[in-house]
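Participant: Quick one, protein25.tsv (TSV, C-alpha atoms and all ligand atoms):
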```
chain	number	residue	atom	x	y	z
I	1287	MET	CA	146.66	100.52	35.30
I	1288	LEU	CA	147.89	98.80	32.16
I	1289	THR	CA	148.62	95.14	32.85
I	1290	SER	CA	151.98	95.56	31.08
I	1291	LEU	CA	153.09	97.76	34.00
I	1292	LEU	CA	152.93	94.77	36.35
I	1293	GLU	CA	156.23	93.34	35.13
I	1294	CYS	CA	158.01	96.57	36.21
I	1295	MET	CA	156.37	96.72	39.63
I	1296	CYS	CA	157.14	95.13	42.97
I	1297	CYS	CA	156.08	95.35	46.60
I	1298	PRO	CA	157.53	98.62	47.98
I	1299	VAL	CA	158.05	96.98	51.38
I	1300	CYS	CA	159.85	93.73	50.50
I	1301	LYS	CA	160.54	94.19	46.72
I	1302	SER	CA	158.84	90.87	45.86
I	1303	ASP	CA	156.61	90.22	42.84
I	1304	LEU	CA	152.94	91.12	42.88
I	1305	LEU	CA	149.82	89.22	41.91
I	1306	LEU	CA	147.10	91.18	40.06
I	1307	LYS	CA	143.41	90.56	40.77
I	1308	THR	CA	141.09	92.53	38.52
I	1309	PHE	CA	137.66	93.75	39.67
I	1310	GLU	CA	136.87	96.04	36.71
I	1311	LYS	CA	138.71	96.32	33.43
I	1312	THR	CA	138.25	98.83	30.58
I	1313	PRO	CA	140.09	99.32	27.25
I	1314	LEU	CA	142.34	101.73	29.20
I	1315	GLY	CA	143.38	99.09	31.72
I	1316	VAL	CA	142.37	97.93	35.18
I	1317	ARG	CA	140.10	100.52	36.78
I	1318	GLU	CA	139.56	98.64	40.06
I	1319	GLY	CA	141.49	95.73	41.48
I	1320	ILE	CA	144.21	94.75	43.92
I	1321	LEU	CA	147.89	93.89	43.80
I	1322	VAL	CA	148.94	91.32	46.39
I	1323	CYS	CA	152.55	90.81	47.41
I	1324	LYS	CA	153.53	87.18	46.80
I	1325	HIS	CA	155.89	87.27	49.78
I	1326	CYS	CA	154.45	89.45	52.56
I	1327	ASN	CA	150.80	89.26	51.38
I	1328	ILE	CA	150.17	93.00	51.76
I	1329	VAL	CA	147.22	94.08	49.61
I	1330	TYR	CA	147.58	97.26	47.51
I	1331	PRO	CA	144.33	98.68	46.06
I	1332	ILE	CA	143.95	99.83	42.46
I	1333	SER	CA	141.32	102.56	42.29
I	1334	ASN	CA	140.60	105.09	39.53
I	1335	PHE	CA	143.17	103.06	37.47
I	1336	ILE	CA	145.89	103.97	40.03
I	1337	PRO	CA	147.79	101.34	42.08
I	1338	ARG	CA	148.01	102.71	45.66
I	1339	MET	CA	151.49	101.55	46.74
I	1340	VAL	CA	151.49	103.68	49.88
I	1341	PRO	CA	150.18	103.55	53.46
I	1342	THR	CA	146.42	103.87	53.89
I	1343	SER	CA	146.62	107.41	55.30
I	1344	LEU	CA	147.53	108.70	51.82
I	1345	TYR	CA	144.33	107.71	49.94
I	1346	ASP	CA	140.69	106.86	50.59
I	1347	SER	CA	141.18	103.27	51.73
I	1348	VAL	CA	137.90	103.16	53.69
I	1349	THR	CA	135.72	103.58	50.60
I	1350	PHE	CA	137.81	101.03	48.69
I	1351	CYS	CA	137.55	98.41	51.46
I	1352	ASN	CA	133.80	98.93	51.85
I	1353	THR	CA	133.14	98.80	48.09
I	1354	HIS	CA	135.15	95.63	47.49
I	1355	SER	CA	134.74	93.86	50.86
I	1356	ILE	CA	138.48	93.99	51.52
I	1357	LYS	CA	139.67	93.57	55.11
I	1358	ALA	CA	141.36	96.83	56.14
I	1359	GLU	CA	144.04	94.98	58.11
I	1360	ALA	CA	145.37	93.40	54.87
I	1361	LEU	CA	146.48	96.83	53.61
I	1362	LEU	CA	149.73	98.69	54.35
I	1363	HIS	CA	149.25	101.09	57.27
I	1364	ASN	CA	152.79	102.34	57.87
I	1365	TRP	CA	156.20	101.96	56.30
I	1366	PRO	CA	157.89	99.36	58.52
I	1367	ASP	CA	161.25	101.16	58.40
I	1368	CYS	CA	159.86	104.67	58.60
I	1369	PRO	CA	161.06	106.88	61.43
I	1370	GLN	CA	158.42	109.10	63.01
I	1371	ASP	CA	159.82	112.30	61.53
I	1372	ILE	CA	159.65	111.00	57.96
I	1373	SER	CA	156.15	109.67	58.43
I	1374	SER	CA	154.95	113.02	59.78
I	1375	ILE	CA	156.65	114.77	56.84
I	1376	GLN	CA	154.73	112.46	54.49
I	1377	SER	CA	151.38	113.21	56.06
I	1378	GLN	CA	152.06	116.97	55.99
I	1379	THR	CA	153.31	116.65	52.40
I	1380	GLN	CA	150.08	114.84	51.51
I	1381	ASN	CA	148.05	117.53	53.23
I	1382	ASN	CA	149.79	120.54	51.67
I	1383	PHE	CA	150.89	119.26	48.25
I	1384	GLY	CA	147.78	117.12	47.79
I	1385	HIS	CA	145.78	120.28	48.43
I	1386	GLU	CA	148.12	122.36	46.27
I	1387	TRP	CA	147.62	120.19	43.19
I	1388	GLU	CA	143.86	120.09	43.63
I	1389	HIS	CA	143.90	123.90	43.99
I	1390	TYR	CA	146.26	124.26	41.01
I	1391	ALA	CA	144.98	121.24	39.03
I	1392	SER	CA	145.24	123.05	35.69
I	1393	LEU	CA	148.54	124.87	36.29
I	1394	GLY	CA	150.82	124.23	33.35
I	1395	TRP	CA	147.93	122.65	31.42
I	1396	THR	CA	145.85	125.70	30.59
I	1397	SER	CA	146.50	129.43	30.75
I	1398	SER	CA	143.22	130.09	32.55
I	1399	THR	CA	144.70	130.63	36.01
I	1400	GLY	CA	145.05	134.41	35.74
I	1401	GLU	CA	148.20	135.73	37.36
I	1402	ASP	CA	149.52	132.18	37.63
I	1403	ALA	CA	149.08	131.59	33.90
I	1404	SER	CA	151.25	128.69	32.83
I	1405	ASP	CA	150.27	126.73	29.76
I	1406	LEU	CA	151.47	123.57	28.04
I	1407	GLN	CA	153.94	125.51	25.93
I	1408	GLU	CA	155.60	126.72	29.14
I	1409	SER	CA	155.58	123.17	30.55
I	1410	MET	CA	157.38	121.99	27.39
I	1411	MET	CA	159.95	124.79	27.68
I	1412	TRP	CA	160.57	124.14	31.37
I	1413	PHE	CA	160.90	120.41	30.79
I	1414	LYS	CA	163.85	120.98	28.45
I	1415	GLU	CA	165.35	123.84	30.45
I	1416	LYS	CA	165.07	122.33	33.94
I	1417	LEU	CA	165.62	118.65	33.14
I	1418	LEU	CA	168.21	119.08	30.36
I	1419	LEU	CA	166.46	116.37	28.32
I	1420	ASP	CA	165.11	116.45	24.77
I	1421	SER	CA	163.34	114.09	22.39
I	1422	SER	CA	166.66	112.63	21.21
I	1423	ASP	CA	167.21	111.40	24.80
I	1424	ILE	CA	163.74	110.10	25.62
I	1425	ALA	CA	161.78	109.23	22.43
I	1426	GLY	CA	160.68	105.59	22.47
I	1427	LYS	CA	162.08	105.08	26.00
I	1428	LEU	CA	160.34	103.85	29.14
I	1429	LEU	CA	160.38	106.84	31.47
I	1430	LEU	CA	159.42	107.46	35.10
I	1431	ASP	CA	158.23	110.91	36.24
I	1432	ALA	CA	159.03	110.59	39.96
I	1433	GLY	CA	156.81	113.10	41.79
I	1434	CYS	CA	154.52	114.05	38.92
I	1435	GLY	CA	152.29	116.61	40.72
I	1436	ASN	CA	149.43	117.47	38.35
I	1437	GLY	CA	151.18	115.66	35.47
I	1438	ARG	CA	152.25	118.64	33.35
I	1439	PHE	CA	155.83	117.40	32.87
I	1440	SER	CA	154.60	113.88	32.18
I	1441	TYR	CA	152.65	115.49	29.35
I	1442	ALA	CA	155.83	117.14	28.04
I	1443	ALA	CA	157.60	113.74	28.09
I	1444	PHE	CA	154.68	112.16	26.19
I	1445	GLU	CA	154.92	114.93	23.60
I	1446	LEU	CA	158.64	114.25	23.18
I	1447	GLY	CA	157.86	110.60	22.41
I	1448	ALA	CA	158.49	108.77	25.72
I	1449	ASN	CA	156.42	105.93	27.17
I	1450	VAL	CA	155.62	107.59	30.48
I	1451	VAL	CA	154.89	106.19	33.93
I	1452	SER	CA	153.88	108.96	36.38
I	1453	MET	CA	154.16	108.61	40.15
I	1454	ASP	CA	153.20	110.83	43.06
I	1455	LEU	CA	153.04	110.27	46.81
I	1456	THR	CA	149.91	112.34	47.29
I	1457	ARG	CA	146.39	112.49	45.91
I	1458	ALA	CA	147.91	114.63	43.13
I	1459	ALA	CA	148.18	111.21	41.43
I	1460	ASP	CA	144.42	111.44	40.75
I	1461	VAL	CA	144.78	115.00	39.41
I	1462	ALA	CA	147.55	113.83	37.04
I	1463	GLN	CA	145.48	110.82	35.97
I	1464	ASN	CA	142.51	113.03	35.10
I	1465	ASN	CA	144.67	115.64	33.32
I	1466	ILE	CA	146.52	113.06	31.20
I	1467	PHE	CA	143.17	111.42	30.37
I	1468	GLN	CA	142.13	114.70	28.75
I	1469	THR	CA	144.99	114.37	26.24
I	1470	LYS	CA	145.45	111.70	23.60
I	1471	ASN	CA	148.00	109.97	25.85
I	1472	ILE	CA	147.29	106.90	27.98
I	1473	PRO	CA	148.06	107.60	31.63
I	1474	GLN	CA	150.02	105.07	33.66
I	1475	VAL	CA	149.87	106.69	37.07
I	1476	VAL	CA	151.05	105.07	40.30
I	1477	GLN	CA	150.64	106.46	43.81
I	1478	GLY	CA	154.04	105.68	45.28
I	1479	ASP	CA	156.92	106.92	47.40
I	1480	ILE	CA	160.36	107.71	46.04
I	1481	LEU	CA	161.91	106.37	49.26
I	1482	HIS	CA	159.95	103.08	48.94
I	1483	LEU	CA	159.84	102.69	45.18
I	1484	PRO	CA	157.25	100.18	43.92
I	1485	PHE	CA	159.45	99.35	40.91
I	1486	LYS	CA	162.01	96.61	40.34
I	1487	THR	CA	165.73	97.18	39.86
I	1488	GLY	CA	166.85	98.20	36.35
I	1489	VAL	CA	163.50	98.70	34.60
I	1490	PHE	CA	163.51	102.31	33.36
I	1491	ASP	CA	165.51	103.89	30.53
I	1492	ILE	CA	164.95	107.40	31.87
I	1493	ILE	CA	163.90	108.74	35.27
I	1494	PHE	CA	163.34	112.38	36.02
I	1495	THR	CA	162.37	114.14	39.23
I	1496	LEU	CA	161.57	117.85	39.06
I	1497	GLY	CA	161.23	119.85	42.28
I	1498	VAL	CA	160.52	116.82	44.46
I	1499	ILE	CA	163.45	115.23	46.29
I	1500	GLN	CA	164.05	118.36	48.39
I	1501	HIS	CA	160.71	117.65	50.08
I	1502	THR	CA	161.32	114.00	51.00
I	1503	GLY	CA	163.48	114.68	54.06
I	1504	LYS	CA	166.14	112.40	52.56
I	1505	ALA	CA	167.10	113.97	49.23
I	1506	LEU	CA	170.28	112.02	48.57
I	1507	GLN	CA	168.69	108.71	49.58
I	1508	ALA	CA	165.93	109.50	47.09
I	1509	VAL	CA	168.56	109.86	44.35
I	1510	ARG	CA	170.03	106.45	45.29
I	1511	THR	CA	166.62	104.78	45.30
I	1512	LEU	CA	165.74	106.18	41.88
I	1513	ALA	CA	169.11	105.17	40.40
I	1514	ASP	CA	168.40	101.58	41.44
I	1515	ALA	CA	165.37	101.47	39.12
I	1516	LEU	CA	167.46	102.61	36.12
I	1517	LYS	CA	168.71	100.29	33.41
I	1518	LYS	CA	172.43	100.25	32.59
I	1519	GLU	CA	173.22	103.29	30.39
I	1520	GLY	CA	169.95	104.85	31.58
I	1521	LEU	CA	169.66	108.55	32.48
I	1522	LEU	CA	168.56	110.09	35.79
I	1523	SER	CA	167.68	113.79	35.58
I	1524	VAL	CA	167.38	115.63	38.90
I	1525	ARG	CA	166.16	119.17	39.42
I	1526	THR	CA	166.28	120.30	43.02
I	1527	TYR	CA	166.96	123.30	45.26
I	1528	ARG	CA	170.44	124.75	45.40
I	1529	ARG	CA	171.91	126.35	48.49
I	1530	GLY	CA	171.94	130.15	48.38
I	1531	ASN	CA	173.93	132.75	50.33
I	1532	GLN	CA	173.98	132.26	54.11
I	1533	ARG	CA	171.89	135.34	54.94
I	1534	LEU	CA	169.17	134.18	52.57
I	1535	GLU	CA	169.28	130.67	54.05
I	1536	ASP	CA	169.08	132.00	57.64
I	1537	ASN	CA	166.17	134.32	56.83
I	1538	ASP	CA	164.42	131.59	54.91
I	1539	ALA	CA	164.73	129.12	57.79
I	1540	ALA	CA	163.27	131.72	60.19
I	1541	ILE	CA	160.28	132.50	57.95
I	1542	ARG	CA	159.57	128.89	57.08
I	1543	ALA	CA	159.66	127.91	60.75
I	1544	VAL	CA	156.49	130.01	61.01
I	1545	THR	CA	154.78	129.35	57.65
I	1546	THR	CA	155.06	125.57	57.93
I	1547	GLN	CA	152.87	125.79	61.05
I	1548	PHE	CA	150.12	127.69	59.16
I	1549	SER	CA	146.78	126.14	58.27
I	1550	LEU	CA	146.05	125.88	54.54
I	1551	GLN	CA	143.76	128.91	54.82
I	1552	GLU	CA	146.52	130.93	56.50
I	1553	LEU	CA	148.99	129.80	53.83
I	1554	HIS	CA	146.68	131.14	51.13
I	1555	GLU	CA	146.29	134.45	53.00
I	1556	PHE	CA	150.08	134.70	53.47
I	1557	SER	CA	150.65	133.91	49.77
I	1558	ASP	CA	148.21	136.66	48.75
I	1559	LEU	CA	150.02	139.19	50.97
I	1560	LEU	CA	153.54	138.26	49.86
I	1561	HIS	CA	152.45	138.11	46.23
I	1562	GLY	CA	151.04	141.64	46.48
I	1563	LEU	CA	154.26	142.84	48.15
I	1564	THR	CA	156.36	141.11	45.49
I	1565	ARG	CA	154.45	142.85	42.72
I	1566	PHE	CA	155.13	146.21	44.40
I	1567	ILE	CA	158.82	145.33	44.78
I	1568	MET	CA	158.96	144.39	41.09
I	1569	LYS	CA	157.25	147.64	40.10
I	1570	LYS	CA	159.96	149.53	41.99
I	1571	GLY	CA	162.70	147.53	40.21
I	1572	LEU	CA	163.94	145.99	43.46
I	1573	PHE	CA	163.24	142.30	42.87
I	1574	GLY	CA	166.90	141.25	42.54
I	1575	ALA	CA	168.00	143.25	45.60
I	1576	VAL	CA	165.26	141.83	47.84
I	1577	ALA	CA	165.62	138.26	46.53
I	1578	ARG	CA	169.16	138.21	47.93
I	1579	HIS	CA	167.61	138.38	51.43
I	1580	ILE	CA	164.32	136.47	51.29
I	1581	ASN	CA	162.73	134.06	48.84
I	1582	ILE	CA	160.12	135.85	46.75
I	1583	PHE	CA	158.67	134.74	43.43
I	1584	PRO	CA	156.75	136.59	40.69
I	1585	LYS	CA	154.02	133.93	40.62
I	1586	ARG	CA	151.64	133.41	43.51
I	1587	TYR	CA	151.74	129.69	42.89
I	1588	ASP	CA	155.51	129.57	43.52
I	1589	ILE	CA	155.08	131.51	46.79
I	1590	PHE	CA	152.44	129.07	48.04
I	1591	ASP	CA	154.57	126.11	46.94
I	1592	TRP	CA	157.70	127.42	48.61
I	1593	TYR	CA	156.22	128.32	51.98
I	1594	ALA	CA	153.87	125.29	52.21
I	1595	ALA	CA	156.54	122.58	52.01
I	1596	PRO	CA	157.25	121.03	55.43
I	1597	VAL	CA	160.84	120.27	54.39
I	1598	ALA	CA	163.00	122.02	51.78
I	1599	GLU	CA	166.51	120.60	51.69
I	1600	LYS	CA	169.14	122.46	49.67
I	1601	LEU	CA	172.17	120.89	48.03
I	1602	THR	CA	175.27	121.79	46.07
I	1603	TYR	CA	176.52	120.38	42.78
I	1604	ARG	CA	179.43	118.81	44.62
I	1605	GLU	CA	177.11	116.88	46.98
I	1606	MET	CA	175.06	115.70	44.01
I	1607	ARG	CA	178.12	114.63	41.99
I	1608	ASP	CA	179.60	112.78	45.00
I	1609	THR	CA	176.32	110.92	45.46
I	1610	PHE	CA	176.17	110.10	41.74
I	1611	ALA	CA	179.74	108.76	41.86
I	1612	SER	CA	178.97	106.59	44.90
I	1613	ILE	CA	176.12	104.80	43.08
I	1614	GLY	CA	177.71	104.30	39.67
I	1615	LEU	CA	176.35	107.36	37.86
I	1616	THR	CA	178.54	109.54	35.68
I	1617	THR	CA	177.59	113.19	35.23
I	1618	PHE	CA	176.14	113.37	31.72
I	1619	ARG	CA	174.95	117.01	31.66
I	1620	ASP	CA	174.53	119.81	34.16
I	1621	SER	CA	173.83	123.53	34.47
I	1622	ASP	CA	176.58	124.32	36.97
I	1623	ASP	CA	177.61	127.97	36.65
I	1624	ASP	CA	180.44	127.58	39.19
I	1625	THR	CA	179.12	130.34	41.46
I	1626	THR	CA	179.90	130.19	45.15
I	1627	PRO	CA	176.99	130.27	47.62
I	1628	GLU	CA	177.81	133.92	48.49
I	1629	ASP	CA	177.19	134.92	44.86
I	1630	ARG	CA	173.84	133.25	44.77
I	1631	THR	CA	170.23	134.09	45.47
I	1632	PHE	CA	167.74	131.22	45.53
I	1633	GLY	CA	168.47	128.77	42.77
I	1634	ALA	CA	168.28	125.22	41.58
I	1635	ILE	CA	170.46	122.34	40.49
I	1636	SER	CA	169.85	120.63	37.15
I	1637	ILE	CA	171.97	117.54	36.62
I	1638	VAL	CA	171.72	114.38	34.53
I	1639	GLY	CA	173.60	111.23	35.48
I	1640	GLN	CA	174.16	108.14	33.35
I	1641	LYS	CA	174.29	104.71	34.97
I	1642	THR	CA	177.64	103.30	33.98
I	1643	SER	CA	178.08	100.54	36.54
I	1701	ZN	ZN	155.94	92.43	50.14
```
Translate the structure of the given file into structure tokens.

Facilitator:
Amino acid sequence: MLTSLLECMCCPVCKSDLLLKTFEKTPLGVREGILVCKHCNIVYPISNFIPRMVPTSLYDSVTFCNTHSIKAEALLHNWPDCPQDISSIQSQTQNNFGHEWEHYASLGWTSSTGEDASDLQESMMWFKEKLLLDSSDIAGKLLLDAGCGNGRFSYAAFELGANVVSMDLTRAADVAQNNIFQTKNIPQVVQGDILHLPFKTGVFDIIFTLGVIQHTGKALQAVRTLADALKKEGLLSVRTYRRGNQRLEDNDAAIRAVTTQFSLQELHEFSDLLHGLTRFIMKKGLFGAVARHINIFPKRYDIFDWYAAPVAEKLTYREMRDTFASIGLTTFRDSDDDTTPEDRTFGAISIVGQKTS
């Protein structure tokens, strides 16, 4: 953690300022230390350069406490305002997506993942296409990648000239940290929750969230929370799932009701089977016809990702625009093609809002 990040951060529980105590510092920042809330006294570990601004179930708090003689009861164990259903979503998200990014640590970084090949060039292309942002928007700006996964889109933002802070709820934060370390860029990775943001109001010029808010269980609240951390005139770019035709949505709900109960091993077996079937369907030229009924994807990675997520909320452009309007964001850019749900297979929303009030 770079010490300069401290002025942007706050306690995710009470939003008060934090005190930094350093145990080990390197030229790349604080490797080990703690952040202590000046108001509620909760202790947040910094390990592997990453501030852990989340409950203890989401990282290895036992090793940290033993190594640094920290009393476990001083740490955050649960979100005080967190209903049971959200907290169980978070632990399942940690389990499945934490695993996913360790399994796919190099996805989008190298092309060495065979059928799932996805290199940095593709990450750069997707960044522009899915987030509707370019270097003219983000160069020289302080940017938050909210839900960074393995860090591939943080890398794209670095390449386009932004000063990037990357955040993930899960142990993917460590995967992103290690991936960004391999590049010439200096990682500033935080393990944090979009719904309990460890950042002060009005600190970021740009915030983007790609393929994340649909898995929080409270997608529109996530948008509101992120907008709070934006400076005036700042841009919030959201890429999330879009509602498809009703038959597709009904079928999808029925299949996911089963797959979200699978073990990780079963999810991998299921992904192998559906990926093989999808390749056959593509060979027969039937991809478009089948994709109107069930969600299939050419890449195995996308199949695993889709059917592993415990929650996958789907929105419309109207819902997103109404939410933007209610929190002082004006639609700056979008990719709305004006189709009705009945016209649509699975799809996504890309929309950028500017904070105007
Ligand atoms: Zn606090």

Participant: Write out as a PyMOL selection string each polymer residue (protein, DNA or RNA) that has an atom no more than 9 Å from ligand ZN 1701 (chain I), with only C-alpha atoms and all ligand atoms counted.

Facilitator: chain I and resi 1296-1304+1322-1329

Participant: Tell me, in Å to one decimal, how far atom CA of I:Ala1543 is from atom CA of I:Glu1599.

Facilitator: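 It comes out at 13.5 Å.
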
Participant: Using all atoms listed in the file, pick whichever of I:Ile1589, I:Cys1434, I:Ala1595, I:Met1287 has the shortest atom-to-atom distance to I:Asp1558.

Facilitator: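 Closest to I:Asp1558, using all atoms listed in the file: I:Ile1589.
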
Participant: Nearest residue to I:Ser1347 out of I:Tyr1330, I:Phe1335, I:Arg1604, I:Arg1317, using only C-alpha atoms?

Facilitator: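 Closest candidate: I:Tyr1330.
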
Participant: Check which residues of stretch 1444-1499 of chain I sit at most 10 Å from stretch 1292-1295 of chain I using only C-alpha atoms, and return one row each with the closest pair of atoms and their distance in Å to one decimal, ordered by chain and rising number, as CSV.

Facilitator:
```
residue,atom,partner,partner_atom,distance
I:Val1476,CA,I:Met1295,CA,9.9
I:Leu1483,CA,I:Met1295,CA,8.9
I:Pro1484,CA,I:Met1295,CA,5.6
I:Phe1485,CA,I:Met1295,CA,4.2
I:Lys1486,CA,I:Met1295,CA,5.7
I:Thr1487,CA,I:Cys1294,CA,8.6
I:Gly1488,CA,I:Cys1294,CA,9.0
I:Val1489,CA,I:Cys1294,CA,6.1
I:Phe1490,CA,I:Cys1294,CA,8.4
```

Participant: Mind writing the picked residues with C-alpha atoms as a CSV table (one decimal), in the frame of the given file?

Facilitator:
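Final output, part_6.csv:
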```csv
chain,number,residue,atom,x,y,z
I,1476,VAL,CA,151.0,105.1,40.3
I,1483,LEU,CA,159.8,102.7,45.2
I,1484,PRO,CA,157.2,100.2,43.9
I,1485,PHE,CA,159.4,99.4,40.9
I,1486,LYS,CA,162.0,96.6,40.3
I,1487,THR,CA,165.7,97.2,39.9
I,1488,GLY,CA,166.8,98.2,36.4
I,1489,VAL,CA,163.5,98.7,34.6
I,1490,PHE,CA,163.5,102.3,33.4
```

Participant: Compile the contact shell of I:Ser1523 as a ChimeraX atom specification: residues with an atom at most 7 Å away, counting all atoms listed in the file, same-chain residues fewer than 6 positions apart removed.

Facilitator: /I:1417,1493-1495,1637-1639

Participant: Go through I:Lys1414, I:Thr1631, I:Gly1447, I:Ala1358 and flag the residue nearest I:Phe1573, using only C-alpha atoms for the distances.

Facilitator: I:Thr1631

Participant: For a quick check of your reading of the model, name the residues lying within 12 Å of the coordinate (173.8, 141.5, 47.4), counting all atoms listed in the file, and write them as JSON, numbers by chain.

Facilitator: {"I": [1530, 1531, 1532, 1533, 1534, 1572, 1573, 1574, 1575, 1576, 1577, 1578, 1579, 1580, 1627, 1628, 1629, 1630, 1631]}

Participant: Please report, as AutoDock Vina command-line options, the centre and edge lengths in Å to one decimal of an axis-aligned box covering all listed atoms of stretch 1373-1386 of chain I with 8 Å per side.

Facilitator:
```
--center_x 151.2 --center_y 116.0 --center_z 53.0 --size_x 26.9 --size_y 28.7 --size_z 29.5
```
